[in-house]
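Report on the structure given below.
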Amino acid sequence: MLDDRQRRRFEAEIMPLMPEAYNLARWLVKNDHDAEDVVQEAYLRAFRFFAGRRTDNARSWLLRIVRNTSYDLTNRRKTISLDTNLDSVELTLADPDQPDPAKALQQQSEQAIVREAIAALAPEHREVIVLRELQDLSYREIAEVMGVPIGTVMSRLSRAREQLATLLLNKRAEGDV
Amino acid sequence: MNCQNCEPLLSGYLDFELDLPTSLQVEQHLQECESCRAAFERQQQLQRRIEAAEPAYQLPDSVRARVTRKLRGGPLNRGIARRAALAFALLFVLATVGLALQHNFSATEQDQTADRLLSAHLRSLLPDHLVDVRSTDLHTVKPWFDGRISFSPPVLNLDQHGYMLVGGRLDYVGPKEAAVIVYRYREHIINLFIYAGDGTTLIGARHIQRAGYNCATWQQNGFLCSAMTDASKEALDKFIELQTAS
């Protein structure tokens with residue numbers, strides 16, 4: 001249990017990060033309802049682990065918990081739906097040449113187009129794009145969140161950007177030629 | 001610098017994350033190499049396009065309110081006075097009721113815990129339930145628990161004694177969250193449940209048999225441990241001896 005001083009620190013440092021926690025969870029679990037569950041569960045975990053944390057960077061510390069909680073949830077889902085072939089699911093999502101979504105995309109807003117493209121990335125590429133481009137974390141912070149070396153962050157980000165650029169290549173917004 | 005080692009650095013260059021010498025090298029290569037320059041400009045455009053599209057998801061007010069309420073209504077707002085009152089009430093109840101029924105109570109508790117351990121053990125033997133992290137390397141299994149549970153469970157290499165590490169998972173024994181380290185002894189799975197804190201008052205260090213399975217509970221370095229297995233009692237005893245010897 002946290003003492004009063006720790007509880008005040010939690011209020012001051014962790015509670016204001018909820019928008020970031022939600023955004024990351026939303027990108028990793030891909031729907032509103034699960035994102036809400038993840039944020040709630042992650043905040044309860046964060047509260048429990050707060051006194052024992054080993055870093056001063058509250059942001060990367062919390063986002064690491066959010067990331068783990070998100071993957072715990074998606075892994076649980078995978079275990080439950082044993083019949084679903086997950087590889088094929090990923091492939092369908094990642095295939096930019098499907099006729100129907102492409103048509104639908106033309107009528108969508110630029111925000112929806114970009115969102116769809118990011119969502120189509122493989123999880124390890126998606127999370128690095130979200131942390132860097134949407135949440136503006138430094139490479140060091142991203143490395144802490146994902147538990148990988150900084151060099152890996154850089155090369156993964158390069159690959160993720162290449163893929164995303166390709167995905168978006170033929171989906172220019174109207175007026176943006 | 002050539003294209004091959006320039007390519008993975010482009011992101012770092014774009015984000016101002018390279019040290020000065022490397023940054024200068026990339027800069028020079030970009031002046032000389034058209035295709036890398038094109039790749040860099042593509043990334044720059046991409047960055048601008050993402051920024052303009054504002055793809056981030058906004059935290060809905062309802063979610064913020066619900067999570068805040070959950071924490072403030074529960075753990076965040078539990079003042080010292082309230083906790084003291086609670087502890088006092090709990091002590092009182094334990095002292096009066098508990099003392100009178102001590103013998104019965106602990107026996108029931110023991111039974112219940114053994115039942116819970118058995119069902120957790122059986123559940124783990126279903127396909128794909130045994131481990132969340134599968135590795136024979138303790139340096140993979142131990143760090144996996146980092147950030148998933150509030151303590152760092154002991155993971156041992158007991159290969160030379162015939163107890164092979166299989167992996168680890170998170171599990172619940174009743175309401176208690178446990179780190180589970182899974183070992184294999186010959187063809188027998190041993191589930192080692194580790195919880196924070198002590199619980200000697202609930203279950204002493206003793207053996208229980210349940211439906212042909214052997215179960216033991218003991219205290220170790222501030223953790224409460226239970227092992228459940230279909231291996232023999234001797235094999236289990238040896239296992240506990242090795243665990244507590246470290």
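Chain labels follow the order of the structure tokens: the first chain is A, the next B, and so on; residue numbering restarts at 1 in every chain, and ligands are counted from 1 in their shown order.
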Pick out the residues sitting within 7 Å of B:Ala178, and hand them over as a ChimeraX atom specification; count only C-alpha atoms, and ignore anything fewer than 3 positions along from it in its own chain.
/B:170-173,193-195
B:Gln58 environment, 8 Å, only C-alpha atoms, sequence neighbours closer than 5 positions dropped, as a VMD selection string:
chain A and resid 19 22 to 23
For those residues, write N, CA and C atoms to a file as a PDB file, in the first residue's frame.
```
ATOM      1  N   PRO A  19      -4.466  10.216 -21.003  1.00  0.00           N
ATOM      2  CA  PRO A  19      -4.697  10.304 -22.451  1.00  0.00           C
ATOM      3  C   PRO A  19      -3.665   9.523 -23.265  1.00  0.00           C
ATOM      4  N   TYR A  22      -4.301   5.809 -22.877  1.00  0.00           N
ATOM      5  CA  TYR A  22      -5.456   5.381 -23.667  1.00  0.00           C
ATOM      6  C   TYR A  22      -5.082   5.261 -25.146  1.00  0.00           C
ATOM      7  N   ASN A  23      -4.389   6.276 -25.662  1.00  0.00           N
ATOM      8  CA  ASN A  23      -4.025   6.247 -27.082  1.00  0.00           C
ATOM      9  C   ASN A  23      -3.194   5.003 -27.418  1.00  0.00           C
TER      10      ASN A  23
END
```
For chain B, list the residues within 9 Å of chain A, counting only C-alpha atoms, and write the list as a tab-separated table (two decimals) with N, CA, C and O atoms, in the first residue's frame.
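So the final result, stored in iface-v6.tsv, reads:
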```
chain	number	residue	atom	x	y	z
B	7	GLU	N	20.81	3.54	-44.45
B	7	GLU	CA	19.35	3.34	-44.41
B	7	GLU	C	18.76	3.24	-43.01
B	7	GLU	O	17.81	3.96	-42.69
B	8	PRO	N	19.34	2.36	-42.13
B	8	PRO	CA	18.72	2.29	-40.80
B	8	PRO	C	18.92	3.54	-39.96
B	8	PRO	O	18.26	3.71	-38.94
B	9	LEU	N	19.83	4.43	-40.40
B	9	LEU	CA	20.10	5.65	-39.63
B	9	LEU	C	19.19	6.81	-40.00
B	9	LEU	O	19.16	7.83	-39.33
B	10	LEU	N	18.45	6.63	-41.12
B	10	LEU	CA	17.64	7.75	-41.62
B	10	LEU	C	16.64	8.24	-40.59
B	10	LEU	O	16.45	9.44	-40.40
B	11	SER	N	16.02	7.29	-39.88
B	11	SER	CA	15.05	7.68	-38.85
B	11	SER	C	15.72	8.47	-37.75
B	11	SER	O	15.21	9.50	-37.30
B	12	GLY	N	16.88	7.99	-37.33
B	12	GLY	CA	17.61	8.69	-36.27
B	12	GLY	C	17.99	10.09	-36.69
B	12	GLY	O	17.94	11.04	-35.90
B	15	ASP	N	14.90	12.31	-36.60
B	15	ASP	CA	14.43	12.63	-35.25
B	15	ASP	C	15.50	13.29	-34.39
B	15	ASP	O	15.31	13.44	-33.19
B	17	GLU	N	18.27	12.15	-33.34
B	17	GLU	CA	18.67	11.22	-32.28
B	17	GLU	C	20.09	10.68	-32.50
B	17	GLU	O	20.54	9.83	-31.75
B	39	ALA	N	14.67	8.59	-50.14
B	39	ALA	CA	14.09	7.83	-49.02
B	39	ALA	C	13.89	8.74	-47.82
B	39	ALA	O	12.88	8.67	-47.12
B	42	ARG	N	11.00	10.99	-48.34
B	42	ARG	CA	9.75	10.23	-48.17
B	42	ARG	C	9.39	10.16	-46.68
B	42	ARG	O	8.23	10.34	-46.31
B	43	GLN	N	10.39	9.90	-45.85
B	43	GLN	CA	10.12	9.81	-44.42
B	43	GLN	C	9.70	11.16	-43.83
B	43	GLN	O	8.83	11.23	-42.96
B	45	GLN	N	8.16	13.57	-45.46
B	45	GLN	CA	6.78	13.81	-45.90
B	45	GLN	C	5.80	13.01	-45.06
B	45	GLN	O	4.74	13.50	-44.68
B	46	LEU	N	6.21	11.75	-44.82
B	46	LEU	CA	5.35	10.89	-44.03
B	46	LEU	C	5.10	11.50	-42.65
B	46	LEU	O	3.98	11.54	-42.16
B	47	GLN	N	6.19	11.99	-42.05
B	47	GLN	CA	6.08	12.58	-40.72
B	47	GLN	C	5.11	13.77	-40.72
B	47	GLN	O	4.26	13.89	-39.85
B	49	ARG	N	2.77	14.30	-42.89
B	49	ARG	CA	1.42	13.86	-43.20
B	49	ARG	C	0.73	13.28	-41.95
B	49	ARG	O	-0.45	13.55	-41.70
B	50	ILE	N	1.48	12.49	-41.17
B	50	ILE	CA	0.89	11.93	-39.95
B	50	ILE	C	0.51	13.05	-38.99
B	50	ILE	O	-0.58	13.06	-38.43
B	51	GLU	N	1.42	14.02	-38.87
B	51	GLU	CA	1.15	15.12	-37.93
B	51	GLU	C	-0.11	15.87	-38.32
B	51	GLU	O	-0.95	16.19	-37.47
B	52	ALA	N	-0.27	16.13	-39.62
B	52	ALA	CA	-1.42	16.89	-40.08
B	52	ALA	C	-2.73	16.12	-39.92
B	52	ALA	O	-3.78	16.70	-39.68
B	53	ALA	N	-2.64	14.79	-40.01
B	53	ALA	CA	-3.87	13.98	-39.97
B	53	ALA	C	-4.39	13.80	-38.55
B	53	ALA	O	-5.53	13.41	-38.35
B	54	GLU	N	-3.56	14.07	-37.55
B	54	GLU	CA	-3.94	13.91	-36.14
B	54	GLU	C	-4.64	12.58	-35.87
B	54	GLU	O	-5.79	12.56	-35.47
B	55	PRO	N	-3.93	11.49	-36.09
B	55	PRO	CA	-4.58	10.18	-35.97
B	55	PRO	C	-4.75	9.68	-34.53
B	55	PRO	O	-5.43	8.69	-34.31
B	56	ALA	N	-4.15	10.36	-33.54
B	56	ALA	CA	-4.22	9.86	-32.16
B	56	ALA	C	-5.67	9.79	-31.69
B	56	ALA	O	-6.52	10.57	-32.12
B	57	TYR	N	-5.95	8.82	-30.82
B	57	TYR	CA	-7.29	8.67	-30.27
B	57	TYR	C	-7.42	9.46	-28.98
B	57	TYR	O	-6.54	9.41	-28.12
B	58	GLN	N	-8.50	10.22	-28.88
B	58	GLN	CA	-8.73	11.02	-27.68
B	58	GLN	C	-9.32	10.15	-26.58
B	58	GLN	O	-10.19	9.33	-26.84
B	59	LEU	N	-8.84	10.38	-25.37
B	59	LEU	CA	-9.39	9.68	-24.21
B	59	LEU	C	-10.83	10.18	-23.99
B	59	LEU	O	-11.04	11.36	-23.75
B	60	PRO	N	-11.81	9.28	-24.10
B	60	PRO	CA	-13.20	9.73	-23.86
B	60	PRO	C	-13.38	10.15	-22.40
B	60	PRO	O	-12.80	9.53	-21.50
B	63	VAL	N	-14.36	7.44	-20.00
B	63	VAL	CA	-13.31	6.51	-19.56
B	63	VAL	C	-12.48	7.16	-18.45
B	63	VAL	O	-12.21	6.54	-17.42
B	64	ARG	N	-12.12	8.43	-18.67
B	64	ARG	CA	-11.35	9.13	-17.65
B	64	ARG	C	-12.11	9.12	-16.32
B	64	ARG	O	-11.56	8.81	-15.26
B	66	ARG	N	-14.47	7.08	-15.31
B	66	ARG	CA	-14.64	5.75	-14.72
B	66	ARG	C	-13.35	5.27	-14.04
B	66	ARG	O	-13.38	4.77	-12.93
B	67	VAL	N	-12.22	5.44	-14.75
B	67	VAL	CA	-10.95	4.96	-14.16
B	67	VAL	C	-10.60	5.78	-12.92
B	67	VAL	O	-10.17	5.24	-11.90
B	68	THR	N	-10.81	7.11	-13.02
B	68	THR	CA	-10.51	7.96	-11.87
B	68	THR	C	-11.37	7.57	-10.68
B	68	THR	O	-10.88	7.47	-9.56
B	70	LYS	N	-12.72	4.71	-10.12
B	70	LYS	CA	-12.30	3.39	-9.63
B	70	LYS	C	-11.10	3.51	-8.68
B	70	LYS	O	-11.04	2.83	-7.66
B	71	LEU	N	-10.14	4.37	-9.04
B	71	LEU	CA	-8.95	4.52	-8.21
B	71	LEU	C	-9.23	5.35	-6.96
B	71	LEU	O	-8.84	5.00	-5.86
B	75	PRO	N	-8.34	2.41	-3.99
B	75	PRO	CA	-7.00	2.53	-3.43
B	75	PRO	C	-6.50	3.95	-3.23
B	75	PRO	O	-5.88	4.24	-2.21
B	76	LEU	N	-6.78	4.86	-4.18
B	76	LEU	CA	-6.17	6.20	-4.08
B	76	LEU	C	-6.68	6.99	-2.91
B	76	LEU	O	-6.04	7.89	-2.43
B	77	ASN	N	-7.88	6.70	-2.45
B	77	ASN	CA	-8.48	7.53	-1.43
B	77	ASN	C	-8.50	6.88	-0.06
B	77	ASN	O	-9.13	7.36	0.86
B	79	GLY	N	-7.58	6.62	3.08
B	79	GLY	CA	-6.79	7.40	4.03
B	79	GLY	C	-6.29	6.54	5.17
B	79	GLY	O	-6.77	5.43	5.37
B	80	ILE	N	-5.32	7.07	5.88
B	80	ILE	CA	-4.72	6.32	6.98
B	80	ILE	C	-5.78	5.97	8.04
B	80	ILE	O	-5.84	4.84	8.52
B	128	ASP	N	-1.98	-25.39	-24.34
B	128	ASP	CA	-1.64	-23.96	-24.42
B	128	ASP	C	-1.87	-23.19	-23.12
B	128	ASP	O	-1.95	-21.98	-23.14
B	129	HIS	N	-2.04	-23.86	-22.00
B	129	HIS	CA	-2.24	-23.13	-20.75
B	129	HIS	C	-1.02	-23.18	-19.84
B	129	HIS	O	-0.99	-22.51	-18.82
B	132	ASP	N	3.10	-18.83	-20.14
B	132	ASP	CA	2.99	-17.61	-20.95
B	132	ASP	C	4.32	-17.32	-21.60
B	132	ASP	O	4.39	-16.72	-22.65
B	147	GLY	N	7.23	-6.00	-14.26
B	147	GLY	CA	6.10	-5.17	-14.68
B	147	GLY	C	4.80	-5.92	-14.77
B	147	GLY	O	3.75	-5.35	-15.04
B	148	ARG	N	4.83	-7.25	-14.58
B	148	ARG	CA	3.59	-8.00	-14.62
B	148	ARG	C	3.11	-8.38	-13.24
B	148	ARG	O	1.94	-8.64	-13.02
B	149	ILE	N	4.04	-8.44	-12.30
B	149	ILE	CA	3.69	-8.78	-10.94
B	149	ILE	C	4.60	-7.97	-10.03
B	149	ILE	O	5.68	-7.55	-10.46
B	150	SER	N	4.16	-7.73	-8.80
B	150	SER	CA	4.83	-6.72	-7.99
B	150	SER	C	6.10	-7.22	-7.30
B	150	SER	O	6.66	-6.54	-6.46
B	151	PHE	N	6.58	-8.41	-7.63
B	151	PHE	CA	7.82	-8.88	-7.04
B	151	PHE	C	8.57	-9.70	-8.07
B	151	PHE	O	8.03	-10.01	-9.13
```
Every residue of stretch 3-204 of chain B that DSSP places in helix (DSSP H, G or I), as number ranges by chain
B: 3-14, 20-32, 34-53, 61-73, 75-77, 80-100, 102-124, 138-144, 159-161
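Taking atom CA of A:Leu131 and atom CA of A:Leu73 as endpoints, the distance between them is 19.4 Å.
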Using atom CA of A:Thr74 and atom CA of A:Val29 as the two end points, give the distance in Å to one decimal.
6.6 Å
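For the set A:Asn57, A:Gln163, A:Asn31, A:Ser70, the residue with the smallest atom-to-atom gap to A:Ile14 is A:Asn57, counting only C-alpha atoms.
The two atoms in question, atom CA of B:Thr136 and atom CA of B:His161, are spaced 14.3 Å apart.
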Could you check the closest approach to B:Gly162 for each of B:Ser35, B:Ile190, B:Thr140, B:Thr217 and tell me which residue wins, using only C-alpha atoms?
B:Ile190
Write out as a PyMOL selection string each polymer residue whose atoms come within 12 Å of B:Leu138, counting only C-alpha atoms; drop sequence neighbours fewer than 5 positions from it.
chain B and resi 133+143-145+153-159+164-168+181-183
Mind writing the picked residues with all heavy atoms as a CSV table (one decimal), in the first residue's frame?
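Once everything was written out, this is again-v1.csv:
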```
chain,number,residue,atom,x,y,z
B,133,VAL,N,5.4,-17.7,-20.9
B,133,VAL,CA,6.7,-17.5,-21.5
B,133,VAL,C,7.4,-18.9,-21.4
B,133,VAL,O,7.5,-19.5,-20.4
B,133,VAL,CB,7.5,-16.4,-20.7
B,133,VAL,CG1,7.6,-16.7,-19.2
B,133,VAL,CG2,9.0,-16.3,-21.3
B,143,PRO,N,13.0,-12.2,-16.1
B,143,PRO,CA,12.7,-10.8,-16.5
B,143,PRO,C,11.3,-10.6,-17.1
B,143,PRO,O,10.7,-9.5,-17.1
B,143,PRO,CB,13.7,-10.4,-17.6
B,143,PRO,CG,14.7,-11.5,-17.6
B,143,PRO,CD,14.1,-12.7,-16.9
B,144,TRP,N,10.7,-11.8,-17.5
B,144,TRP,CA,9.4,-11.7,-18.1
B,144,TRP,C,8.3,-11.2,-17.1
B,144,TRP,O,7.4,-10.5,-17.4
B,144,TRP,CB,9.0,-13.1,-18.6
B,144,TRP,CG,7.6,-13.1,-19.3
B,144,TRP,CD1,7.3,-12.8,-20.6
B,144,TRP,CD2,6.3,-13.4,-18.6
B,144,TRP,NE1,6.0,-12.9,-20.8
B,144,TRP,CE2,5.3,-13.3,-19.6
B,144,TRP,CE3,6.0,-13.8,-17.3
B,144,TRP,CZ2,4.0,-13.5,-19.3
B,144,TRP,CZ3,4.6,-14.0,-17.1
B,144,TRP,CH2,3.7,-13.8,-18.1
B,145,PHE,N,8.6,-11.5,-15.8
B,145,PHE,CA,7.6,-11.1,-14.7
B,145,PHE,C,7.7,-9.6,-14.4
B,145,PHE,O,6.9,-9.1,-13.8
B,145,PHE,CB,7.9,-11.9,-13.5
B,145,PHE,CG,7.4,-13.3,-13.6
B,145,PHE,CD1,8.3,-14.4,-13.9
B,145,PHE,CD2,6.1,-13.6,-13.5
B,145,PHE,CE1,7.8,-15.7,-14.1
B,145,PHE,CE2,5.6,-14.9,-13.6
B,145,PHE,CZ,6.5,-16.0,-13.9
B,153,PRO,N,10.1,-13.1,-8.8
B,153,PRO,CA,10.1,-14.5,-8.2
B,153,PRO,C,11.5,-15.2,-8.5
B,153,PRO,O,12.1,-14.9,-9.5
B,153,PRO,CB,9.0,-15.2,-9.0
B,153,PRO,CG,8.9,-14.5,-10.3
B,153,PRO,CD,9.3,-13.0,-10.0
B,154,PRO,N,11.9,-16.0,-7.5
B,154,PRO,CA,13.2,-16.8,-7.8
B,154,PRO,C,13.0,-17.8,-8.9
B,154,PRO,O,12.0,-18.6,-8.9
B,154,PRO,CB,13.4,-17.5,-6.4
B,154,PRO,CG,12.1,-17.5,-5.7
B,154,PRO,CD,11.3,-16.3,-6.2
B,155,VAL,N,13.9,-17.9,-9.8
B,155,VAL,CA,13.9,-18.9,-10.9
B,155,VAL,C,15.3,-19.6,-10.9
B,155,VAL,O,16.3,-18.9,-10.9
B,155,VAL,CB,13.6,-18.2,-12.3
B,155,VAL,CG1,13.6,-19.3,-13.3
B,155,VAL,CG2,12.4,-17.4,-12.3
B,156,LEU,N,15.3,-20.9,-10.8
B,156,LEU,CA,16.5,-21.6,-10.6
B,156,LEU,C,16.9,-22.5,-11.8
B,156,LEU,O,16.0,-23.0,-12.5
B,156,LEU,CB,16.5,-22.4,-9.3
B,156,LEU,CG,16.1,-21.7,-8.0
B,156,LEU,CD1,16.1,-22.7,-6.9
B,156,LEU,CD2,17.1,-20.6,-7.7
B,157,ASN,N,18.2,-22.7,-12.0
B,157,ASN,CA,18.6,-23.7,-12.9
B,157,ASN,C,18.9,-25.0,-12.2
B,157,ASN,O,19.9,-25.1,-11.5
B,157,ASN,CB,19.8,-23.2,-13.7
B,157,ASN,CG,20.3,-24.2,-14.7
B,157,ASN,OD1,19.9,-25.3,-14.7
B,157,ASN,ND2,21.2,-23.7,-15.5
B,158,LEU,N,18.0,-26.0,-12.3
B,158,LEU,CA,18.2,-27.2,-11.6
B,158,LEU,C,18.4,-28.4,-12.5
B,158,LEU,O,18.1,-29.5,-12.2
B,158,LEU,CB,17.0,-27.5,-10.7
B,158,LEU,CG,16.6,-26.4,-9.7
B,158,LEU,CD1,15.3,-26.7,-9.0
B,158,LEU,CD2,17.7,-26.2,-8.7
B,159,ASP,N,18.8,-28.1,-13.8
B,159,ASP,CA,19.0,-29.0,-14.8
B,159,ASP,C,19.8,-30.3,-14.3
B,159,ASP,O,19.4,-31.4,-14.5
B,159,ASP,CB,19.8,-28.4,-16.0
B,159,ASP,CG,19.0,-27.5,-16.8
B,159,ASP,OD1,17.8,-27.3,-16.4
B,159,ASP,OD2,19.4,-26.9,-17.8
B,164,MET,N,14.0,-29.8,-15.1
B,164,MET,CA,14.2,-28.9,-16.2
B,164,MET,C,13.2,-27.7,-16.2
B,164,MET,O,12.0,-27.9,-16.0
B,164,MET,CB,14.1,-29.6,-17.5
B,164,MET,CG,14.7,-31.0,-17.6
B,164,MET,SD,16.5,-31.0,-17.1
B,164,MET,CE,17.2,-30.6,-18.7
B,165,LEU,N,13.8,-26.5,-16.4
B,165,LEU,CA,12.9,-25.3,-16.5
B,165,LEU,C,12.1,-25.4,-17.8
B,165,LEU,O,12.6,-25.6,-18.9
B,165,LEU,CB,13.8,-24.1,-16.5
B,165,LEU,CG,13.0,-22.7,-16.4
B,165,LEU,CD1,12.2,-22.6,-15.2
B,165,LEU,CD2,14.0,-21.6,-16.4
B,166,VAL,N,10.8,-25.2,-17.7
B,166,VAL,CA,9.9,-25.1,-18.9
B,166,VAL,C,9.5,-23.7,-19.2
B,166,VAL,O,9.5,-23.3,-20.4
B,166,VAL,CB,8.7,-26.0,-18.7
B,166,VAL,CG1,7.8,-26.0,-19.9
B,166,VAL,CG2,9.0,-27.5,-18.4
B,167,GLY,N,9.2,-22.9,-18.2
B,167,GLY,CA,8.8,-21.5,-18.5
B,167,GLY,C,8.1,-21.0,-17.3
B,167,GLY,O,8.2,-21.5,-16.1
B,168,GLY,N,7.3,-19.9,-17.5
B,168,GLY,CA,6.6,-19.3,-16.4
B,168,GLY,C,5.2,-18.7,-16.9
B,168,GLY,O,5.0,-18.6,-18.1
B,181,ILE,N,6.3,-20.8,-11.8
B,181,ILE,CA,7.5,-21.3,-12.5
B,181,ILE,C,7.2,-22.8,-12.8
B,181,ILE,O,6.9,-23.5,-11.9
B,181,ILE,CB,8.8,-21.1,-11.7
B,181,ILE,CG1,8.8,-19.7,-11.0
B,181,ILE,CG2,10.0,-21.3,-12.6
B,181,ILE,CD1,8.9,-18.6,-12.0
B,182,VAL,N,7.4,-23.1,-14.0
B,182,VAL,CA,7.0,-24.5,-14.4
B,182,VAL,C,8.3,-25.3,-14.6
B,182,VAL,O,9.2,-24.9,-15.4
B,182,VAL,CB,6.2,-24.6,-15.7
B,182,VAL,CG1,5.8,-26.0,-16.0
B,182,VAL,CG2,4.9,-23.7,-15.4
B,183,TYR,N,8.5,-26.4,-14.0
B,183,TYR,CA,9.6,-27.3,-14.2
B,183,TYR,C,9.1,-28.7,-14.6
B,183,TYR,O,7.9,-29.0,-14.4
B,183,TYR,CB,10.4,-27.5,-12.8
B,183,TYR,CG,11.1,-26.3,-12.3
B,183,TYR,CD1,10.4,-25.4,-11.5
B,183,TYR,CD2,12.4,-26.0,-12.6
B,183,TYR,CE1,11.0,-24.3,-11.0
B,183,TYR,CE2,13.0,-24.9,-12.1
B,183,TYR,CZ,12.3,-24.0,-11.3
B,183,TYR,OH,12.9,-22.9,-10.8
```
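Across B:Asn2, B:Ser226, B:Gln31, B:Ser119, the tightest approach to B:Val180 is made by B:Ser226 when counting only C-alpha atoms.
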